[in-house]
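These notes concern the structure reproduced below.
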Amino acid sequence: MKYLLFITLFVLTSCFSELDDVNYPKFDESSILTGKTPLENIDSDKIEGIYDVIEGQKQIGEKIILKWVNNKLTILTNKNTKFLILNSAYNDSAVFFEGYWRNIENSDVGKIILTVGKHEGYKTLFSSGDDTIIFNGYFTNIDNSTNKLKFKLIKKLKENNDFYIIGHRGGGRNSDRLDASENTVDMIKLSESLGCNSIEIDVKITKDNQLILYHDNDLNPRLIQETYMIGDISNYTYPILKSFVNLKNGGKIPLLKEALDVVIMETNLKLVWLDIKAHGILKEVIKIQKEYENKAKNLNRDLEIYIGIPDEEVFNELKTIENYKDIKTICELSESKVIEISADIYAPRWSLGLQSDKILSLKNQNIKSFTWTLDDRIFIKKYLFESYFDGILTNYPTILAYEYYIK
Amino acid sequence: MNIILNRMLHVIIFVLLNTLHLYSNENKDNDFRINSELGIGYSTGIELHKQEGNLKGLTSYLRVMWKPQHRLNLGLEIDYLKIREIDKKNVNTEFGKTDFNSTLSAIPILLVFNMEFNNLQIYTGVGVSYMMSELTAYNQKIINTNINYNLMISGKYIIKKFNENNLSLEVKSNIITKLDLMLINFNINYEFNLYKW
């Protein structure tokens, strides 16, 4: 009995949160960008591409992908789960980049400083030259030592960008301690820098019938900072949630409408997957889906918004709605159910396998297929290279985007 | 930091429980007893992520122990813990001014193990906490409940013996795992025999 006690205590103490805080570098006064002109609205084709790493291979690998997103530079690597996001500014002598690198699988984070000098592609960035772009700079390790970085553009990114790189929970989960909380407007804004061209977000409803983005059924320390607020989120009204709940990695719980406004106005995301996390809300979600598809269309914004059908209950609820076959849906259920509701996209769990025959058969019926939630680099490559899926939902879009562009 | 604290807690529990039992008392009489303990005290807390509000309050508990007169005794415990109280007046929000009041309390129900070392007794407990939250804002009252895992470790020192009854001081720690919260309680405990055979 004594040893039963030991074992029980061991198991229970293991229930403690084991996540260390991630302290993203601050640049306020020490910023090298201070006093320089922000680099904005450059031709992304000039800077985006596959780069050969000449110095710093140990830190970021041999080949990296550079993307220019919302006036920020993103660097995707195949070194663990490492990625880099940098702000930029220029003066007469060089273009300067400053930001952070982050390895998602642990709490490692550090500074990055880069420059593109006068004779290293400076003019090319402003579309008035065609020099090969060469970045020079340094990488700060977790022990504060630094390593030199140097990389050179070798190839432009592929133009055919028809694959859906879908970020889970707006771009990433809380447990990966990104620079924003999951299912927030900040995460949606960050998502493209993480390599996403599409996102999945979770829709729930409050006591006062407001559709919000939130994943879990209850308020809990995984998602919010206030441990004194507990219980089912649908018991809370939106004003209380907005005013008194702070999300784990910062930010507030957004309304679905606020989130879609950000998608339309502040990103170039091409698809939003609305994962229905409550029952009895489908009619309201469909109204918003239609409203925002029209809004996007009126702004000449190419955006697809789909309702996710995750279970039988939502499936049956959908079938009670008039003209349900006309509603744009992503169905996670069987192939026959996909056809029964005329879903636009079939979305099986990745562990069901490549399902090549089924996916090809659906493709012939003009039905796309996405798989979820794929996070391991080996499996991501397998599904990317060997399957017929049109998109992959992942917690690690940085890995998926890297493998997609480097392919 | 959390990882280090967690590992330290594992090591402390492992070392304590694997060494202390060697020194525990084993009564030589053949009586089997069921004892009851009542405790009342004051609670304060340690939390991994600092929260606003008052993390102090009264606590009380009832413990029933089966004492088979071996080294390890077994029992059940039910506590009442007032965890936190927040009272804010005239908070400015985008929805207008409001008062904000929130209280969180818990009722842990635990399986308790106990070892005795003369006047010192060590308790550990595992179980669940029934959590209750009451929140008022914008003239709305919201009551929520949920259940979390709970573990408890405590040390009790007998300061006065009255025949088979004892008066003790007890320092107790309730750990509510999901909330990353450790509550420290300082209690007066009165133990009396319910049944003996």
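To be explicit about the labels: the chains of the structure tokens are called A, B, and onward in the order shown, and within each one the residues are counted from 1, while ligands get numbers from 1 in the order they are shown.
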
message = Can you tell me which residues surround Leu39 (chain A) at a distance of at most 8 Å, considering only C-alpha atoms, apart from same-chain residues fewer than 2 positions away, and format the answer as a ChimeraX atom specification?
response = /A:37,41-42,71,88-90,95

Resulting file, chosen residues, C-alpha atoms, as a compact mmCIF listing (two decimals), in the first residue's frame:
```
# COMPACT_ATOMS: atom_id res chain seq x y z
CA THR A 37 13.15 54.44 -42.76
CA ASN A 41 5.76 47.72 -49.81
CA ILE A 42 8.76 46.27 -51.57
CA ASN A 71 6.37 44.14 -44.27
CA SER A 88 13.33 46.06 -41.24
CA ALA A 89 14.43 49.60 -42.09
CA TYR A 90 16.98 51.20 -44.39
CA VAL A 95 18.96 47.63 -45.35
```

request  = From the DSSP assignment of the backbone, select every residue of chain B that is helix (DSSP H, G or I), and format the answer as number ranges by chain.
outcome  = B: 2-23, 177-179

ask   = Near region 124-136 of chain A, within 7 Å and counting only C-alpha atoms, which residues show up once chain neighbours fewer than 3 positions away are dropped, as a list of chain:residue names?
value = A:Ile42, A:Lys46, A:Ile47, A:Leu114, A:Thr115, A:Val116, A:Glu120, A:Gly121, A:Leu149, A:Lys150, A:Phe151, A:Lys152, A:Leu153

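Summary of the local environment: counting only C-alpha atoms, residues at most 9 Å from Ile276 (chain A), other than itself and those fewer than 2 positions away along its chain, are A:Ile201, A:Asp202, A:Val203, A:Lys204, A:Leu274, A:Ala278, A:His279, A:Ile281, A:Leu282, A:Val285, A:Ile307, A:Gly308, A:Ile309, A:Pro310, A:Val314.
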
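Residues in contact with Asp31 (chain B) at 9 Å, where only C-alpha atoms are counted and same-chain residues fewer than 6 positions away are skipped, are listed as Lys67, Pro68, Gln69, Lys196 and Trp197 of chain B.
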
For C-alpha atoms, I'd like the residues from the last selection saved as a short mmCIF file (atom, residue, chain, number, x, y, z; two decimals), in the first residue's frame.
```cif
data_model
loop_
_atom_site.label_atom_id
_atom_site.label_comp_id
_atom_site.auth_asym_id
_atom_site.auth_seq_id
_atom_site.Cartn_x
_atom_site.Cartn_y
_atom_site.Cartn_z
CA LYS B 67 -5.76 3.20 12.35
CA PRO B 68 -5.02 -0.51 12.02
CA GLN B 69 -1.94 -0.01 14.22
CA LYS B 196 -12.32 1.10 18.86
CA TRP B 197 -12.40 -2.69 18.70
#
```

key: DSSP strand (DSSP E or B) residues within region 200-335 of chain A, as number ranges by chain   = A: 200-205, 211-213, 218-219, 224, 231-232, 247, 255, 271-276, 304-309, 329-331

Next, write the just-selected residues to a file, as a short mmCIF file (atom, residue, chain, number, x, y, z; two decimals), in the first residue's frame, keeping N, CA, C and O atoms as the atom set.
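Produced file again-v3.cif, reproduced below:
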```cif
data_model
loop_
_atom_site.label_atom_id
_atom_site.label_comp_id
_atom_site.auth_asym_id
_atom_site.auth_seq_id
_atom_site.Cartn_x
_atom_site.Cartn_y
_atom_site.Cartn_z
N GLU A 200 -7.35 27.57 -39.64
CA GLU A 200 -8.52 26.95 -39.01
C GLU A 200 -8.72 27.66 -37.69
O GLU A 200 -7.75 27.90 -36.97
N ILE A 201 -9.97 28.07 -37.40
CA ILE A 201 -10.27 28.71 -36.12
C ILE A 201 -11.48 28.02 -35.48
O ILE A 201 -12.31 27.45 -36.18
N ASP A 202 -11.55 28.09 -34.15
CA ASP A 202 -12.59 27.37 -33.40
C ASP A 202 -13.69 28.32 -32.97
O ASP A 202 -13.41 29.36 -32.37
N VAL A 203 -14.93 27.94 -33.25
CA VAL A 203 -16.06 28.84 -32.98
C VAL A 203 -16.91 28.29 -31.84
O VAL A 203 -17.35 27.14 -31.88
N LYS A 204 -17.12 29.13 -30.84
CA LYS A 204 -18.02 28.79 -29.72
C LYS A 204 -18.98 29.94 -29.51
O LYS A 204 -18.86 30.99 -30.15
N ILE A 205 -19.92 29.76 -28.59
CA ILE A 205 -20.91 30.80 -28.36
C ILE A 205 -20.95 31.16 -26.87
O ILE A 205 -20.72 30.31 -26.01
N LEU A 211 -20.85 34.88 -31.08
CA LEU A 211 -19.93 33.86 -31.59
C LEU A 211 -18.50 34.35 -31.37
O LEU A 211 -18.15 35.46 -31.78
N ILE A 212 -17.72 33.51 -30.74
CA ILE A 212 -16.34 33.89 -30.39
C ILE A 212 -15.38 32.81 -30.85
O ILE A 212 -15.80 31.71 -31.20
N LEU A 213 -14.08 33.15 -30.80
CA LEU A 213 -13.05 32.13 -31.08
C LEU A 213 -12.53 31.61 -29.75
O LEU A 213 -12.03 32.37 -28.93
N ASP A 218 -14.14 24.92 -21.36
CA ASP A 218 -14.13 25.71 -20.13
C ASP A 218 -12.98 26.71 -20.11
O ASP A 218 -12.04 26.63 -20.89
N LEU A 219 -13.09 27.67 -19.20
CA LEU A 219 -11.98 28.58 -18.95
C LEU A 219 -10.97 27.83 -18.11
O LEU A 219 -11.33 27.26 -17.08
N ILE A 224 -6.18 30.74 -20.48
CA ILE A 224 -6.31 32.09 -19.93
C ILE A 224 -5.40 32.28 -18.73
O ILE A 224 -4.92 31.33 -18.14
N GLY A 231 -14.92 27.08 -15.29
CA GLY A 231 -16.24 26.63 -15.73
C GLY A 231 -16.49 26.85 -17.21
O GLY A 231 -15.66 27.38 -17.95
N ASP A 232 -17.66 26.41 -17.63
CA ASP A 232 -18.04 26.41 -19.04
C ASP A 232 -18.06 27.83 -19.60
O ASP A 232 -18.71 28.72 -19.03
N LEU A 247 -5.86 36.29 -22.36
CA LEU A 247 -5.44 34.98 -22.86
C LEU A 247 -3.99 34.68 -22.48
O LEU A 247 -3.20 35.58 -22.20
N LEU A 255 -14.41 38.22 -31.09
CA LEU A 255 -15.64 37.80 -31.75
C LEU A 255 -15.26 37.18 -33.09
O LEU A 255 -14.26 37.57 -33.70
N LEU A 271 -7.99 30.98 -47.27
CA LEU A 271 -9.06 30.10 -46.81
C LEU A 271 -9.18 30.16 -45.28
O LEU A 271 -8.17 30.19 -44.58
N VAL A 272 -10.42 30.18 -44.81
CA VAL A 272 -10.68 30.08 -43.36
C VAL A 272 -11.59 28.89 -43.13
O VAL A 272 -12.64 28.76 -43.76
N TRP A 273 -11.17 28.03 -42.23
CA TRP A 273 -11.92 26.82 -41.86
C TRP A 273 -12.53 27.11 -40.48
O TRP A 273 -11.79 27.24 -39.50
N LEU A 274 -13.84 27.24 -40.42
CA LEU A 274 -14.52 27.53 -39.16
C LEU A 274 -14.88 26.20 -38.49
O LEU A 274 -15.82 25.53 -38.90
N ASP A 275 -14.11 25.84 -37.48
CA ASP A 275 -14.35 24.57 -36.80
C ASP A 275 -15.43 24.80 -35.74
O ASP A 275 -15.23 25.57 -34.79
N ILE A 276 -16.55 24.14 -35.91
CA ILE A 276 -17.70 24.36 -35.03
C ILE A 276 -17.49 23.59 -33.72
O ILE A 276 -17.45 22.37 -33.71
N GLU A 304 -11.91 32.12 -49.35
CA GLU A 304 -12.91 31.06 -49.19
C GLU A 304 -13.15 30.86 -47.69
O GLU A 304 -12.19 30.74 -46.92
N ILE A 305 -14.43 30.81 -47.28
CA ILE A 305 -14.74 30.54 -45.87
C ILE A 305 -15.60 29.28 -45.83
O ILE A 305 -16.65 29.22 -46.48
N TYR A 306 -15.14 28.28 -45.09
CA TYR A 306 -15.85 27.01 -45.02
C TYR A 306 -16.28 26.70 -43.59
O TYR A 306 -15.57 27.02 -42.63
N ILE A 307 -17.43 26.06 -43.48
CA ILE A 307 -17.91 25.60 -42.18
C ILE A 307 -17.39 24.17 -41.98
O ILE A 307 -17.61 23.31 -42.83
N GLY A 308 -16.75 23.92 -40.87
CA GLY A 308 -16.27 22.57 -40.58
C GLY A 308 -17.39 21.72 -39.98
O GLY A 308 -18.14 22.19 -39.13
N ILE A 309 -17.48 20.51 -40.45
CA ILE A 309 -18.47 19.57 -39.89
C ILE A 309 -17.68 18.47 -39.17
O ILE A 309 -17.24 17.50 -39.78
N THR A 329 -18.82 23.72 -47.11
CA THR A 329 -18.45 22.95 -45.91
C THR A 329 -17.19 22.12 -46.11
O THR A 329 -16.85 21.71 -47.22
N ILE A 330 -16.55 21.86 -44.98
CA ILE A 330 -15.44 20.90 -44.90
C ILE A 330 -15.94 19.79 -43.99
O ILE A 330 -16.24 20.03 -42.82
N CYS A 331 -16.04 18.58 -44.51
CA CYS A 331 -16.62 17.49 -43.74
C CYS A 331 -15.52 16.53 -43.27
O CYS A 331 -14.76 15.99 -44.08
#
```

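Proximity ranking of A:Thr394, A:Leu190, A:Tyr228, A:Ile339 relative to Asn101 (chain B) places A:Tyr228 first, based on only C-alpha atoms.
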
Write out as a compact mmCIF listing (two decimals) with N, CA, C and O atoms, in the first residue's frame each polymer residue whose atoms come within 12 Å of region 174-176 of chain B, counting only C-alpha atoms; drop sequence neighbours fewer than 6 positions from it.
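Writing done, so here's out.txt:
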```
# COMPACT_ATOMS: atom_id res chain seq x y z
N LEU A 9 1.29 9.71 -5.84
CA LEU A 9 1.82 11.06 -5.70
C LEU A 9 2.69 11.47 -6.89
O LEU A 9 2.63 12.59 -7.36
N LEU A 12 0.39 12.32 -9.76
CA LEU A 12 -0.32 13.58 -9.58
C LEU A 12 0.60 14.80 -9.71
O LEU A 12 0.22 15.80 -10.28
N THR A 13 1.82 14.69 -9.17
CA THR A 13 2.72 15.83 -9.32
C THR A 13 3.12 16.02 -10.77
O THR A 13 3.49 17.11 -11.18
N SER A 14 2.99 14.99 -11.56
CA SER A 14 3.29 15.12 -12.99
C SER A 14 2.22 15.93 -13.71
O SER A 14 2.39 16.30 -14.85
N CYS A 15 1.08 16.17 -13.03
CA CYS A 15 0.01 16.93 -13.66
C CYS A 15 0.33 18.41 -13.72
O CYS A 15 -0.37 19.18 -14.35
N PHE A 16 1.39 18.87 -13.04
CA PHE A 16 1.74 20.28 -13.10
C PHE A 16 2.15 20.70 -14.50
O PHE A 16 2.75 19.93 -15.23
N SER A 17 1.83 21.94 -14.81
CA SER A 17 2.27 22.51 -16.07
C SER A 17 3.80 22.50 -16.11
O SER A 17 4.45 22.86 -15.14
N PRO A 221 -6.39 27.32 -17.18
CA PRO A 221 -5.06 27.95 -17.28
C PRO A 221 -4.29 27.62 -18.56
O PRO A 221 -3.29 28.26 -18.85
N THR A 227 -6.68 32.35 -13.20
CA THR A 227 -7.03 31.00 -12.72
C THR A 227 -8.26 31.01 -11.82
O THR A 227 -8.77 29.97 -11.46
N ASN B 6 8.79 21.27 -10.51
CA ASN B 6 8.13 19.97 -10.62
C ASN B 6 9.09 18.84 -10.28
O ASN B 6 8.77 17.93 -9.51
N LEU B 9 9.87 18.78 -6.59
CA LEU B 9 8.75 18.21 -5.83
C LEU B 9 8.78 16.68 -5.91
O LEU B 9 8.58 15.99 -4.91
N SER B 43 -5.52 30.06 5.54
CA SER B 43 -4.86 29.61 4.31
C SER B 43 -4.24 30.77 3.56
O SER B 43 -4.80 31.86 3.48
N THR B 44 -3.08 30.53 3.01
CA THR B 44 -2.49 31.48 2.07
C THR B 44 -1.94 30.66 0.92
O THR B 44 -2.06 29.44 0.93
N GLY B 45 -1.38 31.29 -0.09
CA GLY B 45 -1.04 30.47 -1.26
C GLY B 45 0.24 30.85 -1.96
O GLY B 45 0.79 31.93 -1.78
N ILE B 46 0.74 29.89 -2.72
CA ILE B 46 1.89 30.10 -3.59
C ILE B 46 1.42 29.73 -4.99
O ILE B 46 0.83 28.67 -5.18
N GLU B 47 1.65 30.60 -5.93
CA GLU B 47 1.20 30.27 -7.28
C GLU B 47 2.31 30.49 -8.28
O GLU B 47 3.14 31.39 -8.12
N LEU B 48 2.35 29.64 -9.29
CA LEU B 48 3.41 29.73 -10.28
C LEU B 48 3.23 30.98 -11.14
O LEU B 48 4.19 31.57 -11.60
N THR B 59 -9.99 28.18 6.44
CA THR B 59 -10.18 26.82 5.92
C THR B 59 -10.69 25.94 7.06
O THR B 59 -10.49 26.25 8.24
N TYR B 61 -11.64 21.51 7.90
CA TYR B 61 -11.65 20.16 7.34
C TYR B 61 -12.10 19.13 8.36
O TYR B 61 -12.02 19.36 9.57
N GLU B 77 -10.74 12.51 3.80
CA GLU B 77 -10.74 13.88 4.30
C GLU B 77 -11.60 14.75 3.38
O GLU B 77 -11.56 14.59 2.16
N ILE B 78 -12.35 15.64 3.99
CA ILE B 78 -13.08 16.63 3.19
C ILE B 78 -12.75 18.01 3.76
O ILE B 78 -12.76 18.21 4.97
N ASP B 79 -12.37 18.93 2.86
CA ASP B 79 -11.93 20.27 3.28
C ASP B 79 -12.88 21.33 2.72
O ASP B 79 -13.61 21.07 1.76
N TYR B 80 -12.79 22.49 3.28
CA TYR B 80 -13.35 23.66 2.61
C TYR B 80 -12.24 24.71 2.54
O TYR B 80 -11.65 25.06 3.56
N LEU B 81 -11.93 25.18 1.33
CA LEU B 81 -10.87 26.16 1.16
C LEU B 81 -11.41 27.37 0.41
O LEU B 81 -11.98 27.22 -0.67
N LYS B 82 -11.25 28.52 1.00
CA LYS B 82 -11.57 29.73 0.25
C LYS B 82 -10.28 30.16 -0.43
O LYS B 82 -9.30 30.50 0.24
N ILE B 83 -10.24 30.10 -1.74
CA ILE B 83 -8.97 30.27 -2.45
C ILE B 83 -8.68 31.74 -2.75
O ILE B 83 -7.59 32.22 -2.51
N SER B 105 -13.65 29.09 -4.46
CA SER B 105 -13.43 28.22 -3.31
C SER B 105 -13.41 26.77 -3.78
O SER B 105 -13.80 26.47 -4.92
N ALA B 106 -12.94 25.89 -2.90
CA ALA B 106 -12.80 24.49 -3.30
C ALA B 106 -13.18 23.57 -2.15
O ALA B 106 -12.99 23.91 -0.98
N ILE B 107 -13.72 22.43 -2.51
CA ILE B 107 -13.96 21.38 -1.52
C ILE B 107 -13.17 20.14 -1.96
O ILE B 107 -13.63 19.37 -2.79
N PRO B 108 -11.94 19.99 -1.45
CA PRO B 108 -11.17 18.78 -1.78
C PRO B 108 -11.74 17.56 -1.05
O PRO B 108 -12.09 17.64 0.12
N ILE B 109 -11.83 16.46 -1.76
CA ILE B 109 -12.24 15.18 -1.17
C ILE B 109 -11.08 14.22 -1.43
O ILE B 109 -10.75 13.93 -2.59
N LEU B 110 -10.45 13.78 -0.35
CA LEU B 110 -9.14 13.12 -0.50
C LEU B 110 -9.09 11.76 0.19
O LEU B 110 -9.68 11.58 1.26
N TYR B 123 0.95 13.42 6.82
CA TYR B 123 -0.21 13.02 6.01
C TYR B 123 0.07 13.32 4.54
O TYR B 123 0.66 14.35 4.21
N THR B 124 -0.38 12.43 3.69
CA THR B 124 -0.44 12.77 2.27
C THR B 124 -1.82 12.36 1.77
O THR B 124 -2.42 11.41 2.27
N GLY B 125 -2.31 13.09 0.79
CA GLY B 125 -3.64 12.77 0.28
C GLY B 125 -3.73 12.98 -1.21
O GLY B 125 -3.04 13.84 -1.77
N VAL B 126 -4.55 12.18 -1.82
CA VAL B 126 -4.81 12.36 -3.26
C VAL B 126 -6.32 12.32 -3.46
O VAL B 126 -7.02 11.62 -2.75
N GLY B 127 -6.77 13.09 -4.43
CA GLY B 127 -8.21 13.09 -4.69
C GLY B 127 -8.61 14.17 -5.66
O GLY B 127 -7.81 14.55 -6.54
N VAL B 128 -9.81 14.66 -5.48
CA VAL B 128 -10.30 15.70 -6.40
C VAL B 128 -10.79 16.89 -5.59
O VAL B 128 -11.15 16.76 -4.43
N SER B 129 -10.79 18.04 -6.26
CA SER B 129 -11.33 19.25 -5.65
C SER B 129 -12.55 19.68 -6.44
O SER B 129 -12.49 19.81 -7.67
N TYR B 130 -13.63 19.88 -5.73
CA TYR B 130 -14.82 20.43 -6.36
C TYR B 130 -14.68 21.95 -6.25
O TYR B 130 -14.69 22.51 -5.16
N MET B 131 -14.49 22.60 -7.40
CA MET B 131 -14.21 24.05 -7.40
C MET B 131 -15.50 24.82 -7.65
O MET B 131 -16.32 24.41 -8.48
N ILE B 147 -14.24 20.25 -11.59
CA ILE B 147 -13.52 19.32 -10.72
C ILE B 147 -12.08 19.21 -11.20
O ILE B 147 -11.82 19.05 -12.39
N ASN B 148 -11.13 19.37 -10.26
CA ASN B 148 -9.71 19.27 -10.59
C ASN B 148 -9.05 18.22 -9.70
O ASN B 148 -9.54 17.93 -8.61
N TYR B 149 -7.91 17.72 -10.16
CA TYR B 149 -7.12 16.83 -9.31
C TYR B 149 -6.52 17.64 -8.15
O TYR B 149 -6.19 18.81 -8.31
N ASN B 150 -6.37 17.00 -7.04
CA ASN B 150 -5.86 17.66 -5.85
C ASN B 150 -4.92 16.71 -5.13
O ASN B 150 -5.22 15.52 -5.01
N LEU B 151 -3.78 17.21 -4.68
CA LEU B 151 -3.00 16.40 -3.76
C LEU B 151 -2.66 17.21 -2.53
O LEU B 151 -2.70 18.45 -2.57
N MET B 152 -2.40 16.53 -1.45
CA MET B 152 -2.22 17.20 -0.17
C MET B 152 -1.06 16.56 0.56
O MET B 152 -0.85 15.35 0.49
N ILE B 153 -0.28 17.39 1.22
CA ILE B 153 0.75 16.87 2.11
C ILE B 153 0.74 17.74 3.36
O ILE B 153 0.56 18.95 3.26
N SER B 154 0.85 17.11 4.52
CA SER B 154 0.80 17.93 5.72
C SER B 154 1.63 17.31 6.84
O SER B 154 1.93 16.11 6.84
N MET B 182 -0.60 26.24 -5.17
CA MET B 182 -0.30 25.52 -3.93
C MET B 182 -0.79 26.37 -2.77
O MET B 182 -0.38 27.51 -2.60
N LEU B 183 -1.73 25.83 -1.97
CA LEU B 183 -2.26 26.55 -0.82
C LEU B 183 -1.62 26.02 0.45
O LEU B 183 -1.51 24.82 0.63
N ILE B 184 -1.15 26.92 1.27
CA ILE B 184 -0.55 26.54 2.55
C ILE B 184 -1.55 26.89 3.65
O ILE B 184 -1.98 28.05 3.74
N ASN B 185 -1.91 25.91 4.49
CA ASN B 185 -2.87 26.16 5.57
C ASN B 185 -2.20 25.96 6.92
O ASN B 185 -1.46 25.00 7.10
N PHE B 186 -2.49 26.84 7.85
CA PHE B 186 -2.03 26.71 9.23
C PHE B 186 -3.27 26.41 10.08
O PHE B 186 -4.18 27.24 10.12
```

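Those residues that approach Glu182 (chain A) to within 8 Å, counting only C-alpha atoms, are Arg169, Gly170, Gly171, Gly172, Arg173 and Asn174 of chain A; same-chain residues fewer than 6 positions away are not listed.
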
key: Counting only C-alpha atoms, the residue of A:Asn23, A:Ser44, A:Asn235, A:Ser193 that sits nearest chain B   = A:Asn235

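Among the candidates A:Asn78, A:Asn246, A:Thr267, A:Asn147, the residue lying nearest to chain B is A:Asn246 (atoms considered: only C-alpha atoms).
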
note = Judged by only C-alpha atoms, the minimum distance to chain B among A:Lys248, A:Lys270, A:Lys156, A:Lys381 is found for A:Lys248

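Residue nearest chain A, chosen from B:Leu169, B:Leu38, B:Met115, B:Leu76 and counting only C-alpha atoms: B:Met115.
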